[in-house]
Structures are given as structure tokens and as C-alpha cells.
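Participant: Before I ask anything, here is the structure I am working with.
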Amino acid sequence: MTHAHLQPGVPGTTLAAASAPEPALTIREGALFRNGREHRILAGAIHYFRVHPAQWEDRIARLAAMGANTLDTYIAWNFHQPKPGEAPDFSGWRDVAHFIQLAEQAGLDVIVRPGPYICAEWDNGGFPSWVTAIPGVGLRSSDPAFTSVVGKWFDQLLPQLAPLQAGHGGPIVAVQVENEYGSYGDDRDYLRWNRQALQERGITEILFTADGGTDYFLDGGVLPDTWATATLGSRGAEAIETWKRRRPGEPFFNVEFWNGWFDHWKEHHHTRDAAEAASEVRQMLERDGSVCLYMAHGGTNFGLTSGCNHDTILQPTVTSYDSDAPIAEDGTLTDKFHAMRAEFHAAAGKELPPLPAGLTTPTATVAPQTLAVRPGVGLLDFARSGQPVRSVRPLSFEQLGLDRGLVLYSATAVLPDAETTIGIRDLHDRAYLWVDGAFAGVLDDATAADGVRVTGAGRPVSLEILVENQGRINYGPLLGQGKGILGGVMVGRRYVFHWEQRLVPLEELDESQLGVLSSTGPAAEGHAIAGAGFAAAEFDLTKAADAYLALPGFGKGFAWVNGFLLGRYWEIGPQITLYIPAPLLRPGRNRITILELEHLGTELELRDQPELGSDPSGAEALPSLS
């Protein structure tokens, strides 16, 4: 059966009114069936939004070679509709239907997890910031202010997906209702609304919820008549027993087996022993469970898309989402790949075939080299160039309509003729402070209330505060928290009023603008570049290849390659190199542009190996069941 007559996203192909075909996956007497035959899901997660589209086919082929029969992906709403009032974008990198069709061509089923909340260590848990900024909105609840906007999103998204379901000849065999809701709330009216919203818009394949592997998470996140699946990294045998007690008659499916883990800035790099992770998978498979590896291939948080956690302080996620996955960030097949491949083939009762030749050839990389850096426009001069927005109290990023990037706050205040402090109430996330153009210090969410100590002269001074959004929280009760100066600026115990704000939307800078910003000043060997601001380096290639960018001597900032915002870097680690996929490079002249927030180095390095940091434990212990 083909689905050429049902084109994703084309008006007139909505399937809600059509007679519902039989789902590909069904459950009978505690067993999972696919088209009437007993079935086990052997899956791996790959997120289209974390992999350059020119590499989609390659990464999917590697998943298939591991022995997977299913690909799993989230849908990131803010990747498609970052601004209110604009139609969602499903073209190019955002063509999720094409990504799904590539999985089908590789012989894989597909599981889709449309949220709208996805967590995923992705900025704002996948929500557009304009959604979480709706005044008084009850996120992830049956609040009509929330469900109405989600419904409109589903009206646009689901016509992309519904024609690709197995019942219409496509590869989609299952769709998730919300995501780990038992970790957040207990509004079953909302869960039922979410399920019904999918069904009314043409989803006819099996629906499921996903929650942590203990009673606590099941108490809030499951529905009595919808398949409940698990998310956990260990103690799978215990979770299976919990499922037998709580969900009798349902097959066990760990839809997120955490075979690795992600990293935060300021912490160490996480790894997990391949044999130990494979042993945990084996235990679940031996008990007739199904498994999806999260992640099979993690990819990269390109641009400013990495999220944050919060545990007394903000924990921003690094640019790499390698996650110690079986298929590394650059596509390398790791020891964990081979361990999981053996388990998947054994569970399927198949002999291990030789790997396709194209997957065993090492990926070509750019020859290692050091690049001299040319300084450009200074940081404060750049930030001052925007048009001012005036207000009495400081405005948040959301009030200013800025999703990600920087905001420069400026005001005049009298400093007493004595030592005092300049503090910020409710700062999100990191602030650089200048007094009369002289740098005074850095504040973050942990130090902002105490402030920086300064000495005044009893006269007015100019205050300039550059605030960086380090990524929106993607998990927990602070989901949807705003960015910027939310509570005010204090001189001692006195508020400062009357502000100007200048937006710095880094994601909107194009290659031409970056060229101008980074082209002032001659390059000089050994030239010490003081302060912060733009810098650039160029190099020539005869053929595009992968590369790994290191920034020795630089502090904290952002890197672009040929006008593409690669991501954040920070000397504090653990991540040392940024992955540059070959499709971002080109034969001939290439240009790397840096915006440094703290201190510029004098040279960049292109390396032929990644350096994501060290794991002092050797194999980090992962959260056990949630």
C-alpha cells in the first residue's frame, strides 16, 4: 500500500473524517503485535532538529545498521514557530515529514512524540517563548488559554504527520500523548484533551504516555485506557514488576532508556560503560520488553537551542548533545554501538551481518591547523548599536519580544560618596556590568542579589548591564520562567528607574553583517587582543569535511561558521571543541566568526578529534528511574 496520494501538509489530506484504519501496533493479552504478528520494538532516538539535514540519511542508516527496527523523534514546536503570528515552517531543516520518509526508506518504523512539551534538554522544553509568556497561562494543563494555542499548533503540525501513519502506507506506528507528565502535574483532563486533540486531527495509530519507572510518576502521568510506557536508565527489572502490578495486560516498553547522559557547563563530562548499559538492555529484553535507546545519536544543540536545568542554581546545557550515545555526535560508531548492536540482533533472533562498507570508513576531517584571529567591533559598541526601548522598570526578554540572545540595559543612577553595591533582583541569567564605561563585574543567578561592590562620588553615573539568556529551563516547576532583569536593579537598597533596553538578537545576524562586525583591525602574529567583542579567522579548503573548533585563550561566547550560528562555548568546560559538520563548510575560503563576552584569545584551532571533557568517575551513575 502506498501513500503517494496523501501528501503531508497538503490541504485536503486531513484524515480525521475518514474511516480509521486498523493501527499497525495492537496489544492483546499483555503482548505487542504488529499487523497481527507478535512484535518487539528495538528503537533508537534521533532528533531531526539536532542533525544537519544533509546528514539525516547517514545517521538513519547507522541506526538501521545497529539492528533497530524503529526510529523515535520528538517534535520541537519552537523549532518550527519561534515567533507568534507566523505560520509554522516545515521546509528545509524543518521538513520533519522528509526526515520520517528517510527512515521509512531505511526500512524503519517511526515513533513520533509531538508534545507539545518535549523536555529533551532543548530550550524551553520545546515551547516557543511567546507561548510560555502568555500572561497567567497554565502550562501543561487544561487551562483554555493553553489548550487553545496548542490546538492551533496541532492544526498545523498533524497534517504533516497523519498521512505518514502506517494505516496509510507510511512508517509512523505510534504517537505519544504529552511527555513525562507524571513528573510535572496530575491534570488528567489535560491528558485526555491532548489524546483527543491527536485523534480529532487524524492520528489513528496506537497512542501512549511515557513516565518514570516508579509509582510516583505513574500516579500523575497515565490514563487508564492508553498504553503506558517507561523512561528510565537503570533498574529496568524493578520497573517491569511495577508495570505488571500497575498496568496488567500491557507489554513493557522503555521508550527512553538512558544509555548515556547530557552535560552541563561547569560540570564534568558524563559517560556510561558500554557493557553495563548493554547488560541493562539485555535484562529488559529477556523479560520480553521493548526498548528505545535515548539517544541512539544525540547530535548537537546548534545555535542557542540548548536548554537549562535548575537545582538551586541554573544548570545550562552544553552545545554538544553527544550524550555518550552509540552513534557519536560526528557519526562515529562507538563501542556502545557494537554492544547494543549485538543485543538488538540477539533479541531479534538474527546473526550479526557485516556492517555496510560505507559505515566502517572513518569520516573525513579537516587537517589540524591553527588560525590567526583578527579583532573586530568591541562588545559594548556592538550592544549599543540597537534602537532603544524605554521603560520605567527594566523589561524582560518576553516583554521586549526577544526569544534568545542578549539585552543591553542602560540607566543613570547616583552612586553615594562611599562604597556600595549594585545588585539585580531576579536576574536570568548572566549579567556584565559597566559603570561610566568601565567594566565593574559579572553577576549570575547565584550572585546577583549580593551584587558587585563599587565606590561612588555622590554624582550620577551611567549604568550598562548586558544580560545573556543562557538557555530556557526545559524541565521541572520553573518551566516557562522569563529571561532578563525581572525584579529590578538596586543601588544599595534603592531601586533604579527609567531604563533603555537594546535588543541583541544574535540568531538574526547573517553572514554579511558578521563580516562587517568582525573585519576591523589587522591580523598580527602574536598580537594580544584585549577585552571582548567580535573576532574572525579564515581558512581555505579544497573539499568540505568535518572539523572540531577549539578556542584556546577565549572565555565565553558564540561561534559562527560561514554565517551559521554553531553554538555557545565557555572555557569553564567540560566541552572544549565544537563540532563543525562538513555541510557547513565549502571548498575555497571559509570564515569563523566569534563574539566573545569576556576575553578574546589570539588564535583558533581546527582539530581532527572532538574533546568533550573528562569523566572522573569513568562511568557516571545515571538517575535511576526518573
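So you can find residues: chains in the C-alpha cells are A, B, ... in the order shown, residues in each start at 1, and ligands are numbered from 1 in order.
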Based on DSSP run over this structure's backbone, return all residues of range 191-440 of chain A in helix (DSSP H, G or I), as a ChimeraX atom specification.
Facilitator: /A:191-200,215-221,236-246,274-286,335-347,357-360,379-383,397-400
Participant: Fewer than 4 positions away in the same chain doesn't count, so skip those; otherwise give me all residues within 12 Å of Gly213 in chain A, counting only C-alpha atoms, as an MDAnalysis selection string.
Facilitator: chainID A and resid 180 182:183 217:219 221:222 228:244 246:247 252:257 623:626
Participant: Please identify the strand (DSSP E or B) residues within range 1-90 of chain A (assignment by DSSP from backbone atoms) and present them as a PyMOL selection string.
Facilitator: chain A and resi 25-28+31-34+37-38+42-46+70-74
Participant: List the spatial neighbours of range 552-563 of chain A as a list in words - criterion: any atom at most 6 Å away, only C-alpha atoms, same-chain residues fewer than 6 positions off excluded.
Facilitator: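 Selected residues are Asp510, Glu511, Tyr569, Trp570, Glu571, Arg591, Ile592, Thr593, Ile594, Leu595, Glu596, Leu597, Glu598, His599, Leu600 and Gly601 of chain A.
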Participant: Leaving out Val373 in chain A and any residue of its chain fewer than 5 positions from it, which residues lie within 8 Å of it when counting only C-alpha atoms, given as JSON, numbers by chain?
Facilitator: {"A": [523, 535, 536, 537, 601, 602, 603, 604]}
